>>> print(open('my_file.cif').read())   # mmCIF, N, CA and C atoms
data_entry
loop_
_atom_site.label_atom_id
_atom_site.label_comp_id
_atom_site.auth_asym_id
_atom_site.auth_seq_id
_atom_site.Cartn_x
_atom_site.Cartn_y
_atom_site.Cartn_z
N MET H 1 114.99 112.05 110.73
CA MET H 1 114.12 113.20 110.84
C MET H 1 112.66 112.74 110.84
N GLU H 2 111.91 113.20 111.80
CA GLU H 2 110.48 112.89 111.86
C GLU H 2 109.69 113.96 111.12
N TYR H 3 108.66 113.50 110.44
CA TYR H 3 107.76 114.42 109.75
C TYR H 3 106.36 114.19 110.31
N ARG H 4 105.69 115.27 110.64
CA ARG H 4 104.38 115.18 111.29
C ARG H 4 103.34 115.91 110.43
N VAL H 5 102.19 115.24 110.25
CA VAL H 5 101.07 115.85 109.53
C VAL H 5 99.79 115.53 110.29
N ALA H 6 98.86 116.48 110.33
CA ALA H 6 97.63 116.33 111.11
C ALA H 6 96.43 116.13 110.19
N TYR H 7 95.50 115.31 110.65
CA TYR H 7 94.25 115.06 109.93
C TYR H 7 93.10 115.05 110.91
N LYS H 8 91.95 115.48 110.44
CA LYS H 8 90.73 115.42 111.23
C LYS H 8 90.01 114.11 110.91
N VAL H 9 89.45 113.47 111.91
CA VAL H 9 88.68 112.24 111.72
C VAL H 9 87.25 112.63 111.34
N TYR H 10 86.83 112.18 110.18
CA TYR H 10 85.48 112.44 109.69
C TYR H 10 84.59 111.21 109.89
N TYR H 11 83.30 111.44 109.73
CA TYR H 11 82.33 110.37 109.88
C TYR H 11 82.67 109.17 109.00
N GLU H 12 83.11 109.44 107.78
CA GLU H 12 83.45 108.36 106.84
C GLU H 12 84.61 107.49 107.31
N ASP H 13 85.39 107.99 108.27
CA ASP H 13 86.54 107.25 108.79
C ASP H 13 86.18 106.29 109.91
N THR H 14 84.96 106.39 110.42
CA THR H 14 84.59 105.66 111.63
C THR H 14 83.70 104.45 111.34
N ASP H 15 83.60 103.61 112.36
CA ASP H 15 82.73 102.43 112.26
C ASP H 15 81.46 102.67 113.07
N SER H 16 80.70 101.63 113.30
CA SER H 16 79.41 101.76 113.99
C SER H 16 79.56 102.18 115.45
N LEU H 17 80.77 102.06 116.00
CA LEU H 17 81.00 102.49 117.38
C LEU H 17 81.48 103.94 117.47
N GLY H 18 81.67 104.58 116.31
CA GLY H 18 82.11 105.97 116.30
C GLY H 18 83.61 106.14 116.45
N VAL H 19 84.34 105.06 116.29
CA VAL H 19 85.81 105.13 116.34
C VAL H 19 86.36 104.82 114.95
N VAL H 20 87.61 105.22 114.73
CA VAL H 20 88.22 104.99 113.42
C VAL H 20 88.26 103.49 113.13
N TYR H 21 87.71 103.11 111.98
CA TYR H 21 87.75 101.73 111.51
C TYR H 21 89.22 101.37 111.28
N TYR H 22 89.64 100.21 111.75
CA TYR H 22 91.07 99.86 111.79
C TYR H 22 91.77 100.01 110.44
N ALA H 23 91.12 99.64 109.34
CA ALA H 23 91.76 99.71 108.03
C ALA H 23 92.02 101.15 107.60
N ASN H 24 91.25 102.08 108.14
CA ASN H 24 91.45 103.47 107.75
C ASN H 24 92.74 104.06 108.30
N TYR H 25 93.31 103.45 109.34
CA TYR H 25 94.62 103.90 109.80
C TYR H 25 95.66 103.70 108.69
N LEU H 26 95.47 102.68 107.86
CA LEU H 26 96.38 102.47 106.73
C LEU H 26 96.33 103.66 105.77
N LYS H 27 95.14 104.20 105.54
CA LYS H 27 95.01 105.37 104.66
C LYS H 27 95.73 106.57 105.25
N PHE H 28 95.55 106.78 106.55
CA PHE H 28 96.24 107.91 107.18
C PHE H 28 97.75 107.74 107.08
N MET H 29 98.25 106.53 107.25
CA MET H 29 99.69 106.30 107.16
C MET H 29 100.18 106.48 105.72
N GLU H 30 99.39 106.05 104.75
CA GLU H 30 99.76 106.27 103.34
C GLU H 30 99.90 107.76 103.06
N ARG H 31 98.96 108.54 103.56
CA ARG H 31 99.05 110.00 103.39
C ARG H 31 100.31 110.54 104.06
N GLY H 32 100.62 110.02 105.23
CA GLY H 32 101.82 110.46 105.93
C GLY H 32 103.09 110.16 105.15
N ARG H 33 103.15 108.98 104.53
CA ARG H 33 104.34 108.64 103.72
C ARG H 33 104.42 109.53 102.49
N THR H 34 103.28 109.79 101.85
CA THR H 34 103.26 110.65 100.67
C THR H 34 103.74 112.05 101.04
N GLU H 35 103.27 112.56 102.16
CA GLU H 35 103.69 113.89 102.61
C GLU H 35 105.17 113.89 102.99
N TRP H 36 105.66 112.79 103.57
CA TRP H 36 107.08 112.70 103.90
C TRP H 36 107.91 112.82 102.63
N VAL H 37 107.53 112.07 101.59
CA VAL H 37 108.27 112.13 100.32
C VAL H 37 108.28 113.56 99.79
N GLY H 38 107.11 114.20 99.79
CA GLY H 38 107.03 115.58 99.31
C GLY H 38 107.89 116.54 100.10
N ALA H 39 108.01 116.30 101.40
CA ALA H 39 108.82 117.16 102.26
C ALA H 39 110.32 117.02 101.97
N GLN H 40 110.68 115.99 101.22
CA GLN H 40 112.09 115.79 100.86
C GLN H 40 112.48 116.62 99.65
N GLY H 41 111.54 117.39 99.10
CA GLY H 41 111.88 118.32 98.03
C GLY H 41 111.16 118.13 96.72
N ARG H 42 110.56 116.96 96.51
CA ARG H 42 109.85 116.70 95.26
C ARG H 42 108.62 115.85 95.55
N PRO H 43 107.49 116.19 94.95
CA PRO H 43 106.28 115.38 95.20
C PRO H 43 106.42 113.98 94.60
N VAL H 44 105.67 113.05 95.16
CA VAL H 44 105.75 111.65 94.73
C VAL H 44 105.42 111.50 93.25
N GLN H 45 104.55 112.35 92.71
CA GLN H 45 104.20 112.27 91.29
C GLN H 45 105.42 112.44 90.39
N GLU H 46 106.33 113.32 90.78
CA GLU H 46 107.55 113.51 89.98
C GLU H 46 108.41 112.26 90.01
N TRP H 47 108.53 111.64 91.18
CA TRP H 47 109.30 110.39 91.26
C TRP H 47 108.66 109.32 90.40
N ASN H 48 107.33 109.23 90.44
CA ASN H 48 106.62 108.23 89.63
C ASN H 48 106.86 108.45 88.14
N ARG H 49 106.82 109.70 87.69
CA ARG H 49 107.04 110.00 86.27
C ARG H 49 108.44 109.58 85.83
N GLU H 50 109.38 109.60 86.77
CA GLU H 50 110.76 109.20 86.45
C GLU H 50 110.99 107.71 86.64
N GLY H 51 109.92 106.96 86.91
CA GLY H 51 110.04 105.51 87.00
C GLY H 51 110.35 104.98 88.38
N TYR H 52 110.21 105.81 89.40
CA TYR H 52 110.37 105.36 90.79
C TYR H 52 108.98 105.19 91.38
N ASN H 53 108.61 103.95 91.63
CA ASN H 53 107.30 103.64 92.19
C ASN H 53 107.50 102.93 93.52
N PHE H 54 106.74 103.35 94.51
CA PHE H 54 106.93 102.87 95.87
C PHE H 54 105.78 101.95 96.25
N VAL H 55 106.11 100.72 96.62
CA VAL H 55 105.12 99.67 96.85
C VAL H 55 105.29 99.07 98.25
N VAL H 56 104.18 98.87 98.94
CA VAL H 56 104.24 98.24 100.25
C VAL H 56 104.65 96.78 100.09
N TYR H 57 105.70 96.40 100.80
CA TYR H 57 106.21 95.03 100.79
C TYR H 57 105.70 94.25 102.00
N GLY H 58 105.60 94.93 103.12
CA GLY H 58 105.13 94.28 104.34
C GLY H 58 104.90 95.33 105.42
N LEU H 59 104.12 94.94 106.42
CA LEU H 59 103.90 95.88 107.51
C LEU H 59 103.49 95.15 108.77
N THR H 60 103.75 95.82 109.88
CA THR H 60 103.25 95.37 111.17
C THR H 60 102.61 96.58 111.83
N MET H 61 101.49 96.35 112.50
CA MET H 61 100.78 97.43 113.18
C MET H 61 100.35 96.94 114.56
N LYS H 62 100.43 97.85 115.50
CA LYS H 62 99.91 97.57 116.84
C LYS H 62 98.94 98.68 117.19
N PHE H 63 97.74 98.28 117.58
CA PHE H 63 96.69 99.23 117.93
C PHE H 63 96.65 99.37 119.44
N LYS H 64 96.84 100.60 119.91
CA LYS H 64 96.89 100.86 121.35
C LYS H 64 95.60 101.50 121.86
N HIS H 65 95.11 102.50 121.13
CA HIS H 65 93.89 103.23 121.48
C HIS H 65 93.19 103.63 120.19
N ALA H 66 91.93 104.00 120.31
CA ALA H 66 91.15 104.40 119.13
C ALA H 66 90.96 105.91 119.08
N ALA H 67 90.93 106.45 117.87
CA ALA H 67 90.55 107.84 117.65
C ALA H 67 89.05 107.85 117.36
N GLY H 68 88.42 108.95 117.67
CA GLY H 68 86.99 109.07 117.46
C GLY H 68 86.62 110.19 116.52
N LEU H 69 85.38 110.23 116.17
CA LEU H 69 84.83 111.24 115.28
C LEU H 69 85.19 112.63 115.79
N GLY H 70 85.74 113.46 114.90
CA GLY H 70 86.10 114.83 115.23
C GLY H 70 87.48 115.01 115.82
N ASP H 71 88.15 113.92 116.20
CA ASP H 71 89.51 114.02 116.74
C ASP H 71 90.47 114.54 115.68
N MET H 72 91.48 115.26 116.14
CA MET H 72 92.60 115.62 115.29
C MET H 72 93.71 114.63 115.61
N ILE H 73 94.19 113.94 114.59
CA ILE H 73 95.26 112.97 114.79
C ILE H 73 96.51 113.45 114.08
N ASP H 74 97.65 113.03 114.59
CA ASP H 74 98.94 113.31 113.98
C ASP H 74 99.53 112.00 113.47
N VAL H 75 99.98 112.02 112.23
CA VAL H 75 100.72 110.90 111.66
C VAL H 75 102.18 111.32 111.67
N VAL H 76 102.99 110.58 112.39
CA VAL H 76 104.40 110.90 112.54
C VAL H 76 105.21 109.84 111.78
N THR H 77 106.06 110.30 110.88
CA THR H 77 106.77 109.40 109.96
C THR H 77 108.26 109.67 109.99
N SER H 78 109.03 108.61 110.07
CA SER H 78 110.47 108.69 109.83
C SER H 78 110.83 107.46 109.00
N VAL H 79 112.01 107.46 108.43
CA VAL H 79 112.39 106.36 107.53
C VAL H 79 113.86 106.03 107.72
N ARG H 80 114.15 104.76 107.49
CA ARG H 80 115.55 104.33 107.41
C ARG H 80 115.65 103.29 106.31
N MET H 81 116.73 103.35 105.59
CA MET H 81 116.96 102.41 104.50
C MET H 81 117.45 101.09 105.10
N THR H 82 116.86 99.98 104.66
CA THR H 82 117.30 98.66 105.11
C THR H 82 118.09 97.95 104.02
N SER H 83 118.01 98.45 102.79
CA SER H 83 118.84 97.99 101.68
C SER H 83 118.73 99.05 100.60
N ALA H 84 119.41 98.86 99.49
CA ALA H 84 119.32 99.82 98.39
C ALA H 84 117.93 99.82 97.76
N TYR H 85 117.17 98.75 98.00
CA TYR H 85 115.87 98.58 97.36
C TYR H 85 114.69 98.69 98.33
N ARG H 86 114.98 98.80 99.62
CA ARG H 86 113.91 98.76 100.61
C ARG H 86 114.11 99.81 101.70
N ALA H 87 113.01 100.46 102.02
CA ALA H 87 113.00 101.44 103.11
C ALA H 87 111.98 101.01 104.16
N ARG H 88 112.31 101.24 105.41
CA ARG H 88 111.37 100.95 106.50
C ARG H 88 110.87 102.29 107.04
N PHE H 89 109.56 102.50 106.86
CA PHE H 89 108.92 103.68 107.40
C PHE H 89 108.42 103.35 108.79
N LEU H 90 108.88 104.11 109.75
CA LEU H 90 108.45 103.97 111.14
C LEU H 90 107.38 105.02 111.34
N GLN H 91 106.16 104.56 111.57
CA GLN H 91 105.05 105.48 111.66
C GLN H 91 104.25 105.25 112.92
N ARG H 92 103.76 106.35 113.45
CA ARG H 92 102.85 106.25 114.58
C ARG H 92 101.74 107.27 114.38
N ILE H 93 100.61 106.96 114.95
CA ILE H 93 99.48 107.88 114.92
C ILE H 93 99.19 108.23 116.37
N GLU H 94 99.09 109.53 116.61
CA GLU H 94 98.87 110.04 117.94
C GLU H 94 97.63 110.94 117.96
N CYS H 95 97.06 111.08 119.12
CA CYS H 95 95.97 112.02 119.33
C CYS H 95 96.20 112.69 120.68
N ARG H 96 96.41 113.99 120.64
CA ARG H 96 96.67 114.76 121.87
C ARG H 96 97.77 114.12 122.72
N GLY H 97 98.83 113.66 122.06
CA GLY H 97 99.97 113.09 122.76
C GLY H 97 99.85 111.62 123.13
N THR H 98 98.69 111.01 122.90
CA THR H 98 98.49 109.59 123.20
C THR H 98 98.77 108.76 121.96
N LEU H 99 99.59 107.73 122.11
CA LEU H 99 99.88 106.82 121.00
C LEU H 99 98.66 105.97 120.70
N LEU H 100 98.19 106.01 119.45
CA LEU H 100 97.06 105.20 119.02
C LEU H 100 97.51 103.97 118.26
N VAL H 101 98.39 104.16 117.30
CA VAL H 101 98.85 103.07 116.43
C VAL H 101 100.35 103.23 116.23
N ASP H 102 101.04 102.11 116.26
CA ASP H 102 102.48 102.06 116.02
C ASP H 102 102.70 101.09 114.87
N ALA H 103 103.46 101.49 113.86
CA ALA H 103 103.60 100.63 112.68
C ALA H 103 105.00 100.73 112.09
N GLU H 104 105.40 99.63 111.45
CA GLU H 104 106.59 99.59 110.60
C GLU H 104 106.10 99.14 109.23
N VAL H 105 106.40 99.96 108.21
CA VAL H 105 105.94 99.67 106.85
C VAL H 105 107.16 99.57 105.95
N ASP H 106 107.39 98.39 105.40
CA ASP H 106 108.50 98.19 104.48
C ASP H 106 108.03 98.49 103.07
N ILE H 107 108.77 99.38 102.41
CA ILE H 107 108.44 99.83 101.06
C ILE H 107 109.59 99.43 100.14
N VAL H 108 109.25 98.90 98.97
CA VAL H 108 110.27 98.65 97.95
C VAL H 108 110.04 99.61 96.79
N CYS H 109 111.09 99.84 96.05
CA CYS H 109 111.03 100.71 94.88
C CYS H 109 111.07 99.82 93.63
N VAL H 110 110.13 100.06 92.72
CA VAL H 110 110.08 99.30 91.48
C VAL H 110 109.96 100.25 90.29
N ASP H 111 110.34 99.74 89.13
CA ASP H 111 110.22 100.53 87.91
C ASP H 111 108.85 100.30 87.27
N SER H 112 108.64 100.82 86.08
CA SER H 112 107.34 100.70 85.42
C SER H 112 106.99 99.26 85.03
N LYS H 113 108.00 98.37 85.02
CA LYS H 113 107.76 96.95 84.73
C LYS H 113 107.61 96.14 86.01
N GLN H 114 107.53 96.85 87.13
CA GLN H 114 107.39 96.27 88.46
C GLN H 114 108.60 95.42 88.86
N GLU H 115 109.77 95.82 88.36
CA GLU H 115 111.02 95.18 88.75
C GLU H 115 111.73 96.07 89.75
N LEU H 116 112.41 95.44 90.71
CA LEU H 116 113.11 96.21 91.73
C LEU H 116 114.10 97.18 91.10
N ARG H 117 114.16 98.35 91.71
CA ARG H 117 115.19 99.31 91.34
C ARG H 117 115.63 100.02 92.61
N GLU H 118 116.81 100.55 92.59
CA GLU H 118 117.32 101.23 93.78
C GLU H 118 116.49 102.46 94.10
N PHE H 119 116.35 102.73 95.40
CA PHE H 119 115.65 103.93 95.84
C PHE H 119 116.41 105.16 95.35
N PRO H 120 115.67 106.21 95.04
CA PRO H 120 116.35 107.47 94.72
C PRO H 120 116.95 108.07 95.99
N LYS H 121 117.81 109.01 95.80
CA LYS H 121 118.38 109.74 96.94
C LYS H 121 117.42 110.88 97.26
N PHE H 122 116.82 110.83 98.42
CA PHE H 122 115.91 111.90 98.84
C PHE H 122 116.70 113.03 99.47
N GLY H 123 116.07 114.22 99.43
CA GLY H 123 116.65 115.37 100.13
C GLY H 123 117.45 116.26 99.26
#
>>> encode(input="my_file.cif", output="structure tokens")
Amino acid sequence: MEYRVAYKVYYEDTDSLGVVYYANYLKFMERGRTEWVGAQGRPVQEWNREGYNFVVYGLTMKFKHAAGLGDMIDVVTSVRMTSAYRARFLQRIECRGTLLVDAEVDIVCVDSKQELREFPKFG
């Protein structure tokens, strides 16, 4: 299941050329993952209180086009489990139907002692 959330690009998101600074796409994707978790029925804060903490293990990103100041972008997120301890979030950022960024973000689940623990069952 894909989950889509929209954000407006503000001045603070851009660089000297007026386009989104590359590292800020990571922030948009983080928001998309957080919203995806919440859409599964419980906000991420509740999972954290129960000792489920989600940490980026690795990622790959490909930049295709840039978003600019004032653009509305969509962060599209889906997920598949690659093990009991790791999920791969497939994310893309689009603007008016054009693919801007394509990414795979591997997330692991850890407890409060930062030791691996199995992912909770979402949904």
>>> atom_distance(input="my_file.cif", atom1="atom CA of H:Asn53", atom2="atom N of H:Ala6")
23.8 Å
>>> atom_distance(input="my_file.cif", atom1="atom CA of H:Ile73", atom2="atom CA of H:Leu59")
20.5 Å
>>> atom_distance(input="my_file.cif", atom1="atom C of H:Gly70", atom2="atom C of H:Leu90")
22.7 Å
>>> closest_residue(input="my_file.cif", among="H:Arg96, H:Phe89, H:Ser83, H:Phe122", to="H:Arg42", atoms="only C-alpha atoms")
H:Phe122
>>> select_by_dssp(input="my_file.cif", residues="stretch 53-94 of chain H", states="strand (DSSP E or B)", output="VMD selection string")
chain H and resid 53 to 63 68 72 to 81 86 to 94
>>> resolve_selection(input="my_file.cif", expression="the PyMOL selection byres (((chain H and resi 7 and name CA) around 9) and name CA)", output="number ranges by chain")
H: 5-6, 8-9, 28, 71-75
>>> resolve_selection(input="my_file.cif", expression="the PyMOL selection byres ((chain H and resi 19) around 6)", output="MDAnalysis selection string")
chainID H and resid 13:18 20:21 66:69
>>> residues_around(input="my_file.cif", residues="H:Tyr52", least_positions_apart="3", cutoff="6 Å", atoms="only C-alpha atoms", output="list in words")
Trp47, Asn48 and Asp111 of chain H
>>> residues_around(input="my_file.cif", residues="H:Tyr85", least_positions_apart="4", cutoff="6 Å", atoms="all atoms listed in the file", output="list of chain:residue names")
H:Ile107, H:Val108, H:Cys109, H:Arg117, H:Glu118, H:Phe119
>>> resolve_selection(input="my_file.cif", expression="the PyMOL selection byres (((chain H and resi 31 and name CA) around 12) and name CA)", output="NGL selection string")
:H and (3-7 or 24-30 or 32-38 or 44 or 74-77 or 91 or 93)
>>> select_by_dssp(input="my_file.cif", residues="stretch 15-111 of chain H", states="helix (DSSP H, G or I)", output="VMD selection string")
chain H and resid 24 to 39 44 to 49
>>> write_last_selection(input="my_file.cif", atoms="N, CA and C atoms", output="PDB file, in the coordinates of the input")
ATOM      1  N   ASN H  24      91.250 102.080 108.140  1.00  0.00           N
ATOM      2  CA  ASN H  24      91.450 103.470 107.750  1.00  0.00           C
ATOM      3  C   ASN H  24      92.740 104.060 108.300  1.00  0.00           C
ATOM      4  N   TYR H  25      93.310 103.450 109.340  1.00  0.00           N
ATOM      5  CA  TYR H  25      94.620 103.900 109.800  1.00  0.00           C
ATOM      6  C   TYR H  25      95.660 103.700 108.690  1.00  0.00           C
ATOM      7  N   LEU H  26      95.470 102.680 107.860  1.00  0.00           N
ATOM      8  CA  LEU H  26      96.380 102.470 106.730  1.00  0.00           C
ATOM      9  C   LEU H  26      96.330 103.660 105.770  1.00  0.00           C
ATOM     10  N   LYS H  27      95.140 104.200 105.540  1.00  0.00           N
ATOM     11  CA  LYS H  27      95.010 105.370 104.660  1.00  0.00           C
ATOM     12  C   LYS H  27      95.730 106.570 105.250  1.00  0.00           C
ATOM     13  N   PHE H  28      95.550 106.780 106.550  1.00  0.00           N
ATOM     14  CA  PHE H  28      96.240 107.910 107.180  1.00  0.00           C
ATOM     15  C   PHE H  28      97.750 107.740 107.080  1.00  0.00           C
ATOM     16  N   MET H  29      98.250 106.530 107.250  1.00  0.00           N
ATOM     17  CA  MET H  29      99.690 106.300 107.160  1.00  0.00           C
ATOM     18  C   MET H  29     100.180 106.480 105.720  1.00  0.00           C
ATOM     19  N   GLU H  30      99.390 106.050 104.750  1.00  0.00           N
ATOM     20  CA  GLU H  30      99.760 106.270 103.340  1.00  0.00           C
ATOM     21  C   GLU H  30      99.900 107.760 103.060  1.00  0.00           C
ATOM     22  N   ARG H  31      98.960 108.540 103.560  1.00  0.00           N
ATOM     23  CA  ARG H  31      99.050 110.000 103.390  1.00  0.00           C
ATOM     24  C   ARG H  31     100.310 110.540 104.060  1.00  0.00           C
ATOM     25  N   GLY H  32     100.620 110.020 105.230  1.00  0.00           N
ATOM     26  CA  GLY H  32     101.820 110.460 105.930  1.00  0.00           C
ATOM     27  C   GLY H  32     103.090 110.160 105.150  1.00  0.00           C
ATOM     28  N   ARG H  33     103.150 108.980 104.530  1.00  0.00           N
ATOM     29  CA  ARG H  33     104.340 108.640 103.720  1.00  0.00           C
ATOM     30  C   ARG H  33     104.420 109.530 102.490  1.00  0.00           C
ATOM     31  N   THR H  34     103.280 109.790 101.850  1.00  0.00           N
ATOM     32  CA  THR H  34     103.260 110.650 100.670  1.00  0.00           C
ATOM     33  C   THR H  34     103.740 112.050 101.040  1.00  0.00           C
ATOM     34  N   GLU H  35     103.270 112.560 102.160  1.00  0.00           N
ATOM     35  CA  GLU H  35     103.690 113.890 102.610  1.00  0.00           C
ATOM     36  C   GLU H  35     105.170 113.890 102.990  1.00  0.00           C
ATOM     37  N   TRP H  36     105.660 112.790 103.570  1.00  0.00           N
ATOM     38  CA  TRP H  36     107.080 112.700 103.900  1.00  0.00           C
ATOM     39  C   TRP H  36     107.910 112.820 102.630  1.00  0.00           C
ATOM     40  N   VAL H  37     107.530 112.070 101.590  1.00  0.00           N
ATOM     41  CA  VAL H  37     108.270 112.130 100.320  1.00  0.00           C
ATOM     42  C   VAL H  37     108.280 113.560  99.790  1.00  0.00           C
ATOM     43  N   GLY H  38     107.110 114.200  99.790  1.00  0.00           N
ATOM     44  CA  GLY H  38     107.030 115.580  99.310  1.00  0.00           C
ATOM     45  C   GLY H  38     107.890 116.540 100.100  1.00  0.00           C
ATOM     46  N   ALA H  39     108.010 116.300 101.400  1.00  0.00           N
ATOM     47  CA  ALA H  39     108.820 117.160 102.260  1.00  0.00           C
ATOM     48  C   ALA H  39     110.320 117.020 101.970  1.00  0.00           C
ATOM     49  N   VAL H  44     105.670 113.050  95.160  1.00  0.00           N
ATOM     50  CA  VAL H  44     105.750 111.650  94.730  1.00  0.00           C
ATOM     51  C   VAL H  44     105.420 111.500  93.250  1.00  0.00           C
ATOM     52  N   GLN H  45     104.550 112.350  92.710  1.00  0.00           N
ATOM     53  CA  GLN H  45     104.200 112.270  91.290  1.00  0.00           C
ATOM     54  C   GLN H  45     105.420 112.440  90.390  1.00  0.00           C
ATOM     55  N   GLU H  46     106.330 113.320  90.780  1.00  0.00           N
ATOM     56  CA  GLU H  46     107.550 113.510  89.980  1.00  0.00           C
ATOM     57  C   GLU H  46     108.410 112.260  90.010  1.00  0.00           C
ATOM     58  N   TRP H  47     108.530 111.640  91.180  1.00  0.00           N
ATOM     59  CA  TRP H  47     109.300 110.390  91.260  1.00  0.00           C
ATOM     60  C   TRP H  47     108.660 109.320  90.400  1.00  0.00           C
ATOM     61  N   ASN H  48     107.330 109.230  90.440  1.00  0.00           N
ATOM     62  CA  ASN H  48     106.620 108.230  89.630  1.00  0.00           C
ATOM     63  C   ASN H  48     106.860 108.450  88.140  1.00  0.00           C
ATOM     64  N   ARG H  49     106.820 109.700  87.690  1.00  0.00           N
ATOM     65  CA  ARG H  49     107.040 110.000  86.270  1.00  0.00           C
ATOM     66  C   ARG H  49     108.440 109.580  85.830  1.00  0.00           C
TER      67      ARG H  49
END
>>> closest_residue(input="my_file.cif", among="H:Gln40, H:Arg92, H:Val105, H:Glu115", to="H:Thr60", atoms="all atoms listed in the file")
H:Val105
>>> axis_aligned_box(input="my_file.cif", around="stretch 28-42 of chain H", padding_each_side="6 Å", output="lines of an AutoDock Vina configuration file")
center_x = 104.0
center_y = 112.2
center_z = 101.3
size_x = 28.9
size_y = 24.3
size_z = 24.0
>>> closest_residue(input="my_file.cif", among="H:Ala84, H:Val79, H:Met61, H:Val55", to="H:Val110", atoms="all atoms listed in the file")
H:Val55
>>> closest_residue(input="my_file.cif", among="H:Gly97, H:Ser78, H:Gly51, H:Gly58", to="H:Lys113", atoms="all atoms listed in the file")
H:Gly51
>>> decode(input="my_file.cif", residues="stretch 79-120 of chain H", atoms="C-alpha atoms", output="mmCIF file, in the first residue's frame")
data_model
loop_
_atom_site.group_PDB
_atom_site.id
_atom_site.type_symbol
_atom_site.label_atom_id
_atom_site.label_comp_id
_atom_site.auth_asym_id
_atom_site.auth_seq_id
_atom_site.Cartn_x
_atom_site.Cartn_y
_atom_site.Cartn_z
ATOM 1 C CA VAL H 79 7.244 -0.564 2.790
ATOM 2 C CA ARG H 80 8.230 -4.196 2.667
ATOM 3 C CA MET H 81 9.827 -6.256 5.378
ATOM 4 C CA THR H 82 13.242 -7.676 4.465
ATOM 5 C CA SER H 83 13.645 -9.512 7.794
ATOM 6 C CA ALA H 84 11.985 -9.576 11.203
ATOM 7 C CA TYR H 85 14.290 -6.711 12.215
ATOM 8 C CA ARG H 86 14.488 -4.629 9.039
ATOM 9 C CA ALA H 87 12.038 -2.841 6.787
ATOM 10 C CA ARG H 88 12.767 -1.274 3.416
ATOM 11 C CA PHE H 89 10.853 1.927 2.796
ATOM 12 C CA LEU H 90 10.469 2.635 -0.894
ATOM 13 C CA GLN H 91 10.027 6.360 -1.207
ATOM 14 C CA ARG H 92 9.761 8.826 -4.002
ATOM 15 C CA ILE H 93 9.213 12.540 -4.130
ATOM 16 C CA GLU H 94 7.141 13.918 -6.952
ATOM 17 C CA CYS H 95 6.039 17.343 -8.103
ATOM 18 C CA ARG H 96 3.049 17.620 -10.432
ATOM 19 C CA GLY H 97 3.575 14.017 -11.537
ATOM 20 C CA THR H 98 7.312 14.391 -12.214
ATOM 21 C CA LEU H 99 9.678 12.132 -10.283
ATOM 22 C CA LEU H 100 12.207 14.243 -8.367
ATOM 23 C CA VAL H 101 13.865 11.766 -5.996
ATOM 24 C CA ASP H 102 13.755 7.990 -5.763
ATOM 25 C CA ALA H 103 15.006 6.325 -2.576
ATOM 26 C CA GLU H 104 15.232 3.073 -0.657
ATOM 27 C CA VAL H 105 15.609 3.532 3.094
ATOM 28 C CA ASP H 106 16.404 0.534 5.276
ATOM 29 C CA ILE H 107 15.100 0.916 8.818
ATOM 30 C CA VAL H 108 15.876 -1.323 11.778
ATOM 31 C CA CYS H 109 13.902 -1.583 14.979
ATOM 32 C CA VAL H 110 15.764 -1.260 18.285
ATOM 33 C CA ASP H 111 14.793 -1.193 21.937
ATOM 34 C CA SER H 112 15.681 1.481 24.500
ATOM 35 C CA LYS H 113 19.158 -0.077 24.879
ATOM 36 C CA GLN H 114 19.667 0.243 21.112
ATOM 37 C CA GLU H 115 19.582 -3.521 20.652
ATOM 38 C CA LEU H 116 17.760 -5.064 17.704
ATOM 39 C CA ARG H 117 14.206 -6.131 18.294
ATOM 40 C CA GLU H 118 11.573 -7.466 15.966
ATOM 41 C CA PHE H 119 9.371 -4.965 14.165
ATOM 42 C CA PRO H 120 5.871 -4.621 15.550
#
